[in-house]
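Data block for model.csv (CSV, C-alpha atoms):
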```csv
chain,number,residue,atom,x,y,z
A,1,MET,CA,-79.5,-185.8,10.9
A,2,ARG,CA,-79.5,-182.8,13.3
A,3,PRO,CA,-81.3,-183.6,16.6
A,4,HIS,CA,-84.6,-181.8,17.1
A,5,PHE,CA,-85.4,-180.3,20.5
A,6,ARG,CA,-88.7,-179.0,21.6
A,7,MET,CA,-89.2,-176.9,24.7
A,8,ASN,CA,-92.6,-175.8,26.0
A,9,ARG,CA,-93.2,-172.4,27.6
A,10,ARG,CA,-93.0,-173.7,31.2
A,11,SER,CA,-89.7,-175.4,30.6
A,12,ALA,CA,-88.2,-172.3,29.0
A,13,MET,CA,-89.2,-170.1,32.0
A,14,VAL,CA,-87.6,-172.6,34.4
A,15,ALA,CA,-84.4,-172.6,32.3
A,16,ILE,CA,-84.2,-168.8,32.2
A,17,GLY,CA,-84.8,-168.6,36.0
A,18,ALA,CA,-82.0,-171.1,36.6
A,19,ALA,CA,-79.7,-169.1,34.4
A,20,VAL,CA,-80.4,-165.9,36.3
A,21,VAL,CA,-79.8,-167.6,39.7
A,22,GLY,CA,-76.5,-168.8,38.5
A,23,ALA,CA,-75.5,-165.6,36.8
A,24,PRO,CA,-72.7,-163.4,38.2
A,25,LYS,CA,-73.8,-160.8,40.7
A,26,ALA,CA,-72.9,-157.9,38.4
A,27,ILE,CA,-75.5,-158.9,35.8
A,28,ARG,CA,-78.4,-159.8,38.2
A,29,ALA,CA,-81.2,-157.3,38.6
A,30,GLN,CA,-80.3,-154.9,41.4
A,31,SER,CA,-82.7,-153.6,44.0
A,32,PRO,CA,-83.0,-149.8,43.9
A,33,TRP,CA,-81.0,-148.0,46.5
A,34,PRO,CA,-81.8,-147.7,49.3
A,35,SER,CA,-83.8,-150.9,49.8
A,36,ARG,CA,-82.7,-151.6,53.4
A,37,PRO,CA,-81.5,-149.7,56.5
A,38,LEU,CA,-78.4,-147.5,56.4
A,39,ARG,CA,-75.9,-146.9,59.2
A,40,ILE,CA,-73.9,-143.9,60.1
A,41,VAL,CA,-70.7,-144.9,62.0
A,42,VAL,CA,-69.7,-142.5,64.8
A,43,PRO,CA,-66.2,-143.3,65.9
A,44,PHE,CA,-66.8,-142.0,69.4
A,45,ALA,CA,-69.1,-142.7,72.3
A,46,ALA,CA,-72.7,-141.5,72.4
A,47,GLY,CA,-73.5,-138.0,73.7
A,48,ASN,CA,-70.7,-135.9,72.3
A,49,SER,CA,-71.1,-133.4,69.5
A,50,VAL,CA,-70.2,-135.9,66.7
A,51,ASP,CA,-72.9,-138.2,68.0
A,52,VAL,CA,-75.5,-135.4,68.3
A,53,VAL,CA,-74.9,-134.3,64.7
A,54,ALA,CA,-75.1,-137.9,63.4
A,55,ARG,CA,-78.4,-138.5,65.2
A,56,LEU,CA,-80.0,-135.2,64.0
A,57,LEU,CA,-78.8,-135.9,60.4
A,58,GLY,CA,-79.9,-139.6,60.6
A,59,ASP,CA,-83.4,-138.7,61.7
A,60,GLN,CA,-83.8,-136.5,58.7
A,61,LEU,CA,-82.1,-138.8,56.2
A,62,SER,CA,-84.4,-141.6,57.3
A,63,VAL,CA,-87.4,-139.5,56.3
A,64,ALA,CA,-85.9,-138.4,53.0
A,65,LEU,CA,-84.7,-141.9,52.0
A,66,LYS,CA,-87.7,-143.8,53.4
A,67,GLN,CA,-85.4,-146.2,55.2
A,68,PRO,CA,-84.2,-146.5,58.8
A,69,VAL,CA,-80.8,-144.9,59.5
A,70,VAL,CA,-79.0,-146.5,62.5
A,71,ILE,CA,-76.3,-144.7,64.5
A,72,ASP,CA,-73.4,-147.2,65.1
A,73,ASN,CA,-71.0,-145.9,67.8
A,74,ARG,CA,-67.7,-147.8,67.1
A,75,VAL,CA,-65.4,-146.6,69.9
A,76,GLY,CA,-61.7,-147.2,70.4
A,77,ALA,CA,-58.2,-146.1,69.5
A,78,ALA,CA,-59.1,-142.4,69.6
A,79,GLY,CA,-61.6,-142.9,66.8
A,80,ILE,CA,-59.5,-145.1,64.5
A,81,ILE,CA,-61.5,-148.3,65.0
A,82,GLY,CA,-64.8,-146.8,63.8
A,83,THR,CA,-63.2,-144.9,60.9
A,84,ASP,CA,-61.4,-148.0,59.7
A,85,ASN,CA,-64.6,-150.0,60.0
A,86,VAL,CA,-66.2,-147.9,57.3
A,87,ALA,CA,-63.1,-147.9,55.2
A,88,LYS,CA,-63.3,-151.7,55.0
A,89,SER,CA,-67.1,-151.8,54.5
A,90,PRO,CA,-68.8,-152.7,51.2
A,91,ALA,CA,-69.0,-149.7,48.9
A,92,ASP,CA,-72.8,-150.0,48.5
A,93,GLY,CA,-74.1,-146.8,50.0
A,94,TYR,CA,-75.3,-148.5,53.3
A,95,SER,CA,-72.3,-147.6,55.5
A,96,LEU,CA,-71.5,-143.9,56.1
A,97,LEU,CA,-68.9,-142.3,58.3
A,98,LEU,CA,-69.4,-139.2,60.5
A,99,GLY,CA,-65.8,-138.1,60.1
A,100,VAL,CA,-63.9,-135.3,61.9
A,101,ASP,CA,-60.8,-133.3,61.1
A,102,ALA,CA,-58.7,-135.0,63.8
A,103,LEU,CA,-59.2,-138.4,62.1
A,104,MET,CA,-59.3,-137.4,58.5
A,105,ALA,CA,-56.7,-134.6,58.3
A,106,VAL,CA,-54.4,-135.0,61.3
A,107,MET,CA,-54.1,-138.6,62.4
A,108,PRO,CA,-52.5,-140.0,59.2
A,109,HIS,CA,-49.6,-137.5,59.7
A,110,ILE,CA,-48.9,-138.3,63.3
A,111,ASN,CA,-49.6,-142.0,63.6
A,112,SER,CA,-47.6,-144.2,61.2
A,113,LYS,CA,-49.9,-147.2,62.0
A,114,THR,CA,-53.1,-145.5,60.9
A,115,PRO,CA,-54.8,-148.3,59.0
A,116,TYR,CA,-56.8,-146.2,56.5
A,117,ASP,CA,-56.0,-143.5,53.9
A,118,PRO,CA,-58.5,-140.6,54.1
A,119,PHE,CA,-58.3,-140.1,50.4
A,120,LYS,CA,-57.8,-143.6,48.9
A,121,ASP,CA,-60.3,-145.4,51.2
A,122,PHE,CA,-63.1,-142.8,51.3
A,123,LEU,CA,-65.2,-140.5,49.1
A,124,PRO,CA,-66.2,-137.2,50.5
A,125,VAL,CA,-69.9,-136.5,50.6
A,126,THR,CA,-70.2,-133.1,52.3
A,127,GLN,CA,-68.9,-131.0,55.1
A,128,LEU,CA,-71.7,-130.9,57.6
A,129,THR,CA,-70.6,-128.4,60.2
A,130,SER,CA,-67.8,-126.1,61.3
A,131,VAL,CA,-66.8,-126.5,65.0
A,132,PRO,CA,-65.2,-123.5,66.8
A,133,PHE,CA,-62.7,-124.1,69.5
A,134,TYR,CA,-62.2,-121.8,72.4
A,135,LEU,CA,-59.1,-121.0,74.4
A,136,ILE,CA,-60.2,-121.3,78.0
A,137,THR,CA,-58.8,-120.7,81.5
A,138,PRO,CA,-60.1,-120.9,85.1
A,139,PRO,CA,-61.5,-117.7,86.5
A,140,THR,CA,-58.8,-117.7,89.2
A,141,ARG,CA,-56.1,-117.2,86.5
A,142,PRO,CA,-54.9,-113.7,85.9
A,143,TYR,CA,-55.3,-113.8,82.1
A,144,ASP,CA,-58.3,-111.9,80.7
A,145,SER,CA,-57.1,-111.8,77.1
A,146,LEU,CA,-55.0,-113.6,74.7
A,147,GLN,CA,-52.6,-110.7,74.6
A,148,GLN,CA,-52.0,-111.0,78.4
A,149,LEU,CA,-51.5,-114.7,78.1
A,150,ILE,CA,-48.9,-114.3,75.3
A,151,ALA,CA,-47.1,-111.6,77.2
A,152,ALA,CA,-46.9,-113.8,80.3
A,153,ALA,CA,-45.7,-116.8,78.2
A,154,LYS,CA,-42.9,-114.7,76.7
A,155,ASP,CA,-41.9,-113.3,80.0
A,156,LYS,CA,-41.3,-116.8,81.5
A,157,PRO,CA,-40.9,-119.3,78.6
A,158,GLY,CA,-42.2,-122.8,79.6
A,159,SER,CA,-43.8,-121.7,82.8
A,160,ILE,CA,-47.4,-121.7,81.5
A,161,THR,CA,-49.0,-125.2,81.0
A,162,TYR,CA,-51.7,-126.2,78.6
A,163,ALA,CA,-53.9,-129.3,78.6
A,164,SER,CA,-54.9,-131.5,75.7
A,165,TYR,CA,-56.8,-134.7,75.0
A,166,GLY,CA,-53.5,-136.4,74.2
A,167,ILE,CA,-50.6,-136.2,71.7
A,168,GLY,CA,-51.9,-135.3,68.3
A,169,SER,CA,-55.4,-134.5,69.4
A,170,ALA,CA,-57.3,-131.5,68.0
A,171,THR,CA,-56.6,-129.5,71.2
A,172,HIS,CA,-52.9,-130.3,71.1
A,173,ILE,CA,-52.2,-129.4,67.5
A,174,ARG,CA,-54.2,-126.2,67.7
A,175,MET,CA,-52.2,-125.0,70.7
A,176,GLU,CA,-48.9,-125.7,69.0
A,177,TYR,CA,-50.2,-123.8,66.0
A,178,LEU,CA,-50.8,-120.8,68.3
A,179,ASN,CA,-47.4,-121.2,69.9
A,180,ASN,CA,-45.8,-121.1,66.4
A,181,LEU,CA,-47.6,-117.8,65.5
A,182,ALA,CA,-47.1,-116.2,68.9
A,183,GLY,CA,-43.5,-117.2,69.3
A,184,THR,CA,-44.2,-118.7,72.7
A,185,THR,CA,-43.3,-121.9,74.4
A,186,MET,CA,-46.3,-123.1,76.6
A,187,ARG,CA,-45.8,-126.5,78.1
A,188,HIS,CA,-48.0,-129.4,77.0
A,189,ILE,CA,-49.7,-131.6,79.5
A,190,PRO,CA,-51.5,-134.5,77.6
A,191,TYR,CA,-54.4,-136.3,79.2
A,192,ARG,CA,-56.0,-139.7,78.3
A,193,THR,CA,-59.5,-138.3,79.1
A,194,SER,CA,-61.0,-134.9,79.5
A,195,PRO,CA,-58.6,-132.5,81.3
A,196,LEU,CA,-61.5,-130.2,82.3
A,197,PRO,CA,-61.7,-131.3,86.0
A,198,GLU,CA,-58.0,-130.5,86.6
A,199,MET,CA,-58.3,-127.3,84.5
A,200,MET,CA,-61.2,-126.1,86.6
A,201,GLY,CA,-59.3,-127.1,89.7
A,202,GLY,CA,-56.4,-124.8,88.6
A,203,LEU,CA,-53.9,-127.6,88.1
A,204,VAL,CA,-53.4,-126.7,84.4
A,205,GLU,CA,-53.7,-123.1,83.2
A,206,ILE,CA,-55.2,-123.1,79.8
A,207,GLY,CA,-56.4,-125.3,76.9
A,208,PHE,CA,-58.6,-125.4,73.9
A,209,GLU,CA,-62.2,-126.8,74.1
A,210,ALA,CA,-64.8,-127.3,71.5
A,211,ALA,CA,-67.8,-124.9,71.5
A,212,THR,CA,-70.3,-127.5,72.6
A,213,THR,CA,-68.3,-127.9,75.9
A,214,THR,CA,-67.2,-124.3,76.3
A,215,ILE,CA,-70.5,-122.5,76.0
A,216,PRO,CA,-72.1,-123.9,79.2
A,217,LEU,CA,-68.9,-123.5,81.1
A,218,VAL,CA,-68.5,-119.8,80.2
A,219,ARG,CA,-72.2,-119.0,80.7
A,220,SER,CA,-72.0,-120.5,84.2
A,221,ARG,CA,-68.7,-118.6,84.9
A,222,LYS,CA,-66.8,-121.8,85.6
A,223,MET,CA,-64.3,-120.9,82.9
A,224,LYS,CA,-63.2,-117.8,81.0
A,225,ALA,CA,-62.9,-117.8,77.2
A,226,LEU,CA,-59.9,-115.8,75.9
A,227,ALA,CA,-60.4,-116.4,72.2
A,228,THR,CA,-62.0,-118.5,69.5
A,229,THR,CA,-60.4,-120.3,66.5
A,230,SER,CA,-63.0,-119.0,64.0
A,231,VAL,CA,-62.4,-116.3,61.4
A,232,LYS,CA,-65.2,-114.3,62.9
A,233,ARG,CA,-66.7,-114.0,66.3
A,234,SER,CA,-69.5,-116.3,67.3
A,235,THR,CA,-73.1,-115.1,67.6
A,236,VAL,CA,-73.4,-117.3,70.7
A,237,LEU,CA,-70.4,-115.7,72.6
A,238,PRO,CA,-69.9,-112.4,70.6
A,239,GLU,CA,-67.9,-110.9,73.4
A,240,VAL,CA,-65.1,-113.4,72.8
A,241,PRO,CA,-62.5,-112.2,70.3
A,242,THR,CA,-61.0,-114.4,67.6
A,243,VAL,CA,-57.4,-115.6,67.9
A,244,SER,CA,-56.8,-113.9,64.5
A,245,GLU,CA,-57.5,-110.5,66.0
A,246,THR,CA,-54.2,-110.9,67.9
A,247,LEU,CA,-52.4,-113.4,65.6
A,248,ALA,CA,-53.1,-112.6,62.0
A,249,GLY,CA,-53.9,-115.6,59.8
A,250,TYR,CA,-54.8,-118.0,62.6
A,251,GLU,CA,-57.8,-120.1,61.6
A,252,ALA,CA,-58.4,-123.5,63.2
A,253,ASP,CA,-62.1,-124.5,63.5
A,254,GLY,CA,-62.8,-128.2,63.5
A,255,TRP,CA,-65.4,-129.9,61.3
A,256,HIS,CA,-67.8,-132.8,61.0
A,257,ALA,CA,-68.3,-134.4,57.6
A,258,LEU,CA,-70.0,-137.3,55.8
A,259,PHE,CA,-67.9,-139.9,54.0
A,260,VAL,CA,-68.6,-143.2,52.3
A,261,PRO,CA,-66.2,-146.0,51.3
A,262,ALA,CA,-64.2,-145.5,48.0
A,263,GLY,CA,-65.9,-147.1,45.1
A,264,THR,CA,-69.5,-146.2,46.2
A,265,PRO,CA,-71.5,-145.6,43.0
A,266,GLY,CA,-71.5,-141.9,41.9
A,267,GLU,CA,-75.3,-141.7,41.8
A,268,ILE,CA,-75.6,-142.8,45.4
A,269,VAL,CA,-72.9,-140.3,46.6
A,270,ALA,CA,-74.8,-137.6,44.6
A,271,ARG,CA,-78.1,-138.5,46.3
A,272,LEU,CA,-76.5,-138.5,49.7
A,273,ASN,CA,-74.9,-135.1,49.1
A,274,ALA,CA,-78.2,-133.6,47.8
A,275,GLU,CA,-80.1,-134.8,50.9
A,276,ALA,CA,-77.5,-133.9,53.4
A,277,VAL,CA,-77.0,-130.4,52.0
A,278,ARG,CA,-80.7,-129.8,52.1
A,279,ILE,CA,-80.9,-131.0,55.7
A,280,MET,CA,-77.9,-129.0,56.9
A,281,ARG,CA,-79.1,-125.8,55.2
A,282,SER,CA,-82.6,-126.1,56.7
A,283,THR,CA,-83.8,-123.5,59.2
A,284,GLU,CA,-84.6,-126.3,61.7
A,285,MET,CA,-81.1,-127.8,61.6
A,286,LYS,CA,-79.4,-124.4,61.8
A,287,ALA,CA,-81.4,-123.5,64.9
A,288,ARG,CA,-80.7,-126.8,66.6
A,289,LEU,CA,-76.9,-126.7,66.0
A,290,SER,CA,-76.4,-123.0,66.6
A,291,ASP,CA,-77.5,-123.6,70.2
A,292,LEU,CA,-74.5,-125.9,70.5
A,293,GLY,CA,-72.2,-123.3,68.9
A,294,LEU,CA,-71.9,-125.2,65.7
A,295,GLU,CA,-72.2,-123.7,62.2
A,296,CYS,CA,-74.1,-125.6,59.6
A,297,ILE,CA,-72.3,-125.9,56.2
A,298,GLY,CA,-73.7,-128.4,53.7
A,299,SER,CA,-71.1,-128.1,50.9
A,300,ALA,CA,-70.9,-129.4,47.3
A,301,MET,CA,-68.8,-132.5,46.9
A,302,GLN,CA,-66.1,-130.7,44.9
A,303,ASP,CA,-65.9,-127.9,47.4
A,304,PHE,CA,-65.5,-130.3,50.3
A,305,ARG,CA,-62.9,-132.3,48.4
A,306,ARG,CA,-60.8,-129.2,48.0
A,307,PHE,CA,-61.3,-128.1,51.6
A,308,HIS,CA,-60.4,-131.6,52.9
A,309,GLN,CA,-57.2,-131.6,50.8
A,310,SER,CA,-56.2,-128.1,52.1
A,311,GLU,CA,-56.9,-129.2,55.7
A,312,HIS,CA,-54.7,-132.3,55.3
A,313,LEU,CA,-51.8,-130.2,53.9
A,314,LYS,CA,-52.2,-127.6,56.6
A,315,TRP,CA,-52.2,-129.9,59.6
A,316,GLY,CA,-49.5,-132.1,58.1
A,317,LYS,CA,-47.2,-129.1,57.9
A,318,ILE,CA,-47.9,-128.0,61.5
A,319,ALA,CA,-47.4,-131.6,62.8
A,320,LYS,CA,-44.1,-131.9,61.0
A,321,GLU,CA,-42.8,-128.5,62.2
A,322,ASN,CA,-43.6,-129.4,65.8
A,323,ASP,CA,-42.6,-133.0,65.6
A,324,ILE,CA,-46.0,-134.2,66.7
A,325,ARG,CA,-46.1,-137.9,66.2
A,326,PHE,CA,-46.4,-141.2,68.1
A,327,GLU,CA,-45.7,-144.7,67.0
```
For this file, produce the structure as structure tokens.
Amino acid sequence: MRPHFRMNRRSAMVAIGAAVVGAPKAIRAQSPWPSRPLRIVVPFAAGNSVDVVARLLGDQLSVALKQPVVIDNRVGAAGIIGTDNVAKSPADGYSLLLGVDALMAVMPHINSKTPYDPFKDFLPVTQLTSVPFYLITPPTRPYDSLQQLIAAAKDKPGSITYASYGIGSATHIRMEYLNNLAGTTMRHIPYRTSPLPEMMGGLVEIGFEAATTTIPLVRSRKMKALATTSVKRSTVLPEVPTVSETLAGYEADGWHALFVPAGTPGEIVARLNAEAVRIMRSTEMKARLSDLGLECIGSAMQDFRRFHQSEHLKWGKIAKENDIRFE
């Protein structure tokens, strides 16, 4: 005879609850995203332009998503530590990276020990800004234009020195790109920290600096700006010509962008893109960042993916042509 079991309603509910607790995570009921605070990892110290953009974006994202957005400054190894931290974080939409061109399009080409892959380990959300760089020189130097600088460099190859923030830095690779197009050989002086004090003291003649640093220096007449890396002149310093007005085809603005770990659900990436694009295209954000010399972008995911790939190829080619690498 088949055994007969009876189970009352209370026993049944207890059994179902126990089954749910013991079920695999994949089939448990998931809390709607976001249900807890998010963090934006900035791979640099507080106070620079990357940090400023992250904090402005984070404030607005917090309102849009109705959750706190914490800025997590993970400093070290020229930005590699913070970037890798996000690459190895759970792909759940709670860890975001404020990435920059130097780390996501240049570093993997020049450092064989880079622990992350910018394409395999990340998903692109959107390009946030475009960051013009300016070629600057102390007021005591005789160069008042890029044409004069190039003429002097060709007259005495190797005699003109330029400063950078280190081998493979954004300022280094942009200067070598200029050397290539101009047919000049200006001598590289790499620094571990900012070279500006020695540049202002006249110990090094020229160098590239981001707009956020350049604008106050030029306005206070502490430095002269000879050219900008943008395709068109800036509305902030309209008197400064572009490099491409002298060297056709030169374009080398930097950028800030939002990334998440690979594997993050598509609906979360799409929501982050929609909110970030809306924020970056707002009148308020454009006004705040234009004062710093930054241009708001806010691109579609597909557009940014293509742009990121083209930047990776471009800087990889320049790094290889100039043997820019370190082990």
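Among A:Leu61, A:Leu196, A:Val218, A:Leu226, the residue with the shortest atom-to-atom distance to Leu135 of chain A, counting only C-alpha atoms, is A:Leu226.
Pairwise distance (atom CA of Gly168 of chain A, atom CA of Gly316 of chain A) equals 11.0 Å.
If you look at atom CA of Leu96 of chain A and atom CA of Arg278 of chain A, they are 17.3 Å away from each other.
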Notebook entry, point to check: segment 101-117 of chain A: which residues within 8 Å, counting all atoms listed in the file, same-chain residues fewer than 2 positions away excluded, as JSON, numbers by chain?
Noted result: {"A": [79, 80, 83, 84, 87, 99, 119, 120, 121, 122, 168, 169, 170, 254, 255, 256, 308, 311, 312, 313, 315, 316, 319, 320, 324, 325, 326, 327]}
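Within 7 Å of segment 44-53 of chain A there are A:Leu56, A:Leu57, A:Asn73, A:Arg74, A:Val75, A:Gly79, A:Thr212, A:His256, counting only C-alpha atoms and ignoring same-chain residues fewer than 3 positions away.
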Check: Could you pull the residues within 7 Å of Arg233 of chain A, counting only C-alpha atoms, minus those fewer than 6 positions along the same chain, as an MDAnalysis selection string?
Finding: chainID A and resid 240:242
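Note that the spacing between atom CA of Val277 of chain A and atom CA of Ala257 of chain A amounts to 11.1 Å.
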Next item on the list: Counting all atoms listed in the file, write as a ChimeraX atom specification all protein and nucleic acid residues lying at most 12 Å from (-46.3, -112.0, 73.5) in the file's frame.
Entry: /A:145-157,178-186,246-247
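Remark: residues at most 7 Å from position (-78.3, -146.9, 55.4) in file coordinates are A:Arg36, A:Pro37, A:Leu38, A:Arg39, A:Pro68, A:Val69, A:Gly93, A:Tyr94, A:Ser95, using only C-alpha atoms.
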Output C-alpha atoms for every residue in the selection just made, as a JSON list (two decimals), keeping the file's coordinate frame.
```json
[["chain", "number", "residue", "atom", "x", "y", "z"],
["A", 36, "ARG", "CA", -82.70, -151.60, 53.40],
["A", 37, "PRO", "CA", -81.50, -149.70, 56.50],
["A", 38, "LEU", "CA", -78.40, -147.50, 56.40],
["A", 39, "ARG", "CA", -75.90, -146.90, 59.20],
["A", 68, "PRO", "CA", -84.20, -146.50, 58.80],
["A", 69, "VAL", "CA", -80.80, -144.90, 59.50],
["A", 93, "GLY", "CA", -74.10, -146.80, 50.00],
["A", 94, "TYR", "CA", -75.30, -148.50, 53.30],
["A", 95, "SER", "CA", -72.30, -147.60, 55.50]]
```
Next item on the list: Give the answer as one residue: which of A:Pro190, A:Gly266, A:Pro216, A:Gly76 has the shortest atom-to-atom distance to Leu292 of chain A, using all atoms listed in the file?
Entry: A:Pro216
Next item on the list: Excluding Ser35 of chain A and any residue of its chain fewer than 6 positions from it, enumerate the residues within 10 Å of it, using all atoms listed in the file, and give them as a count of residues only.
Entry: 4
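Checking A:Leu123, A:Val236, A:Ala252, A:Ala270 one by one against Glu295 of chain A, counting all atoms listed in the file, you find the shortest gap at A:Val236.
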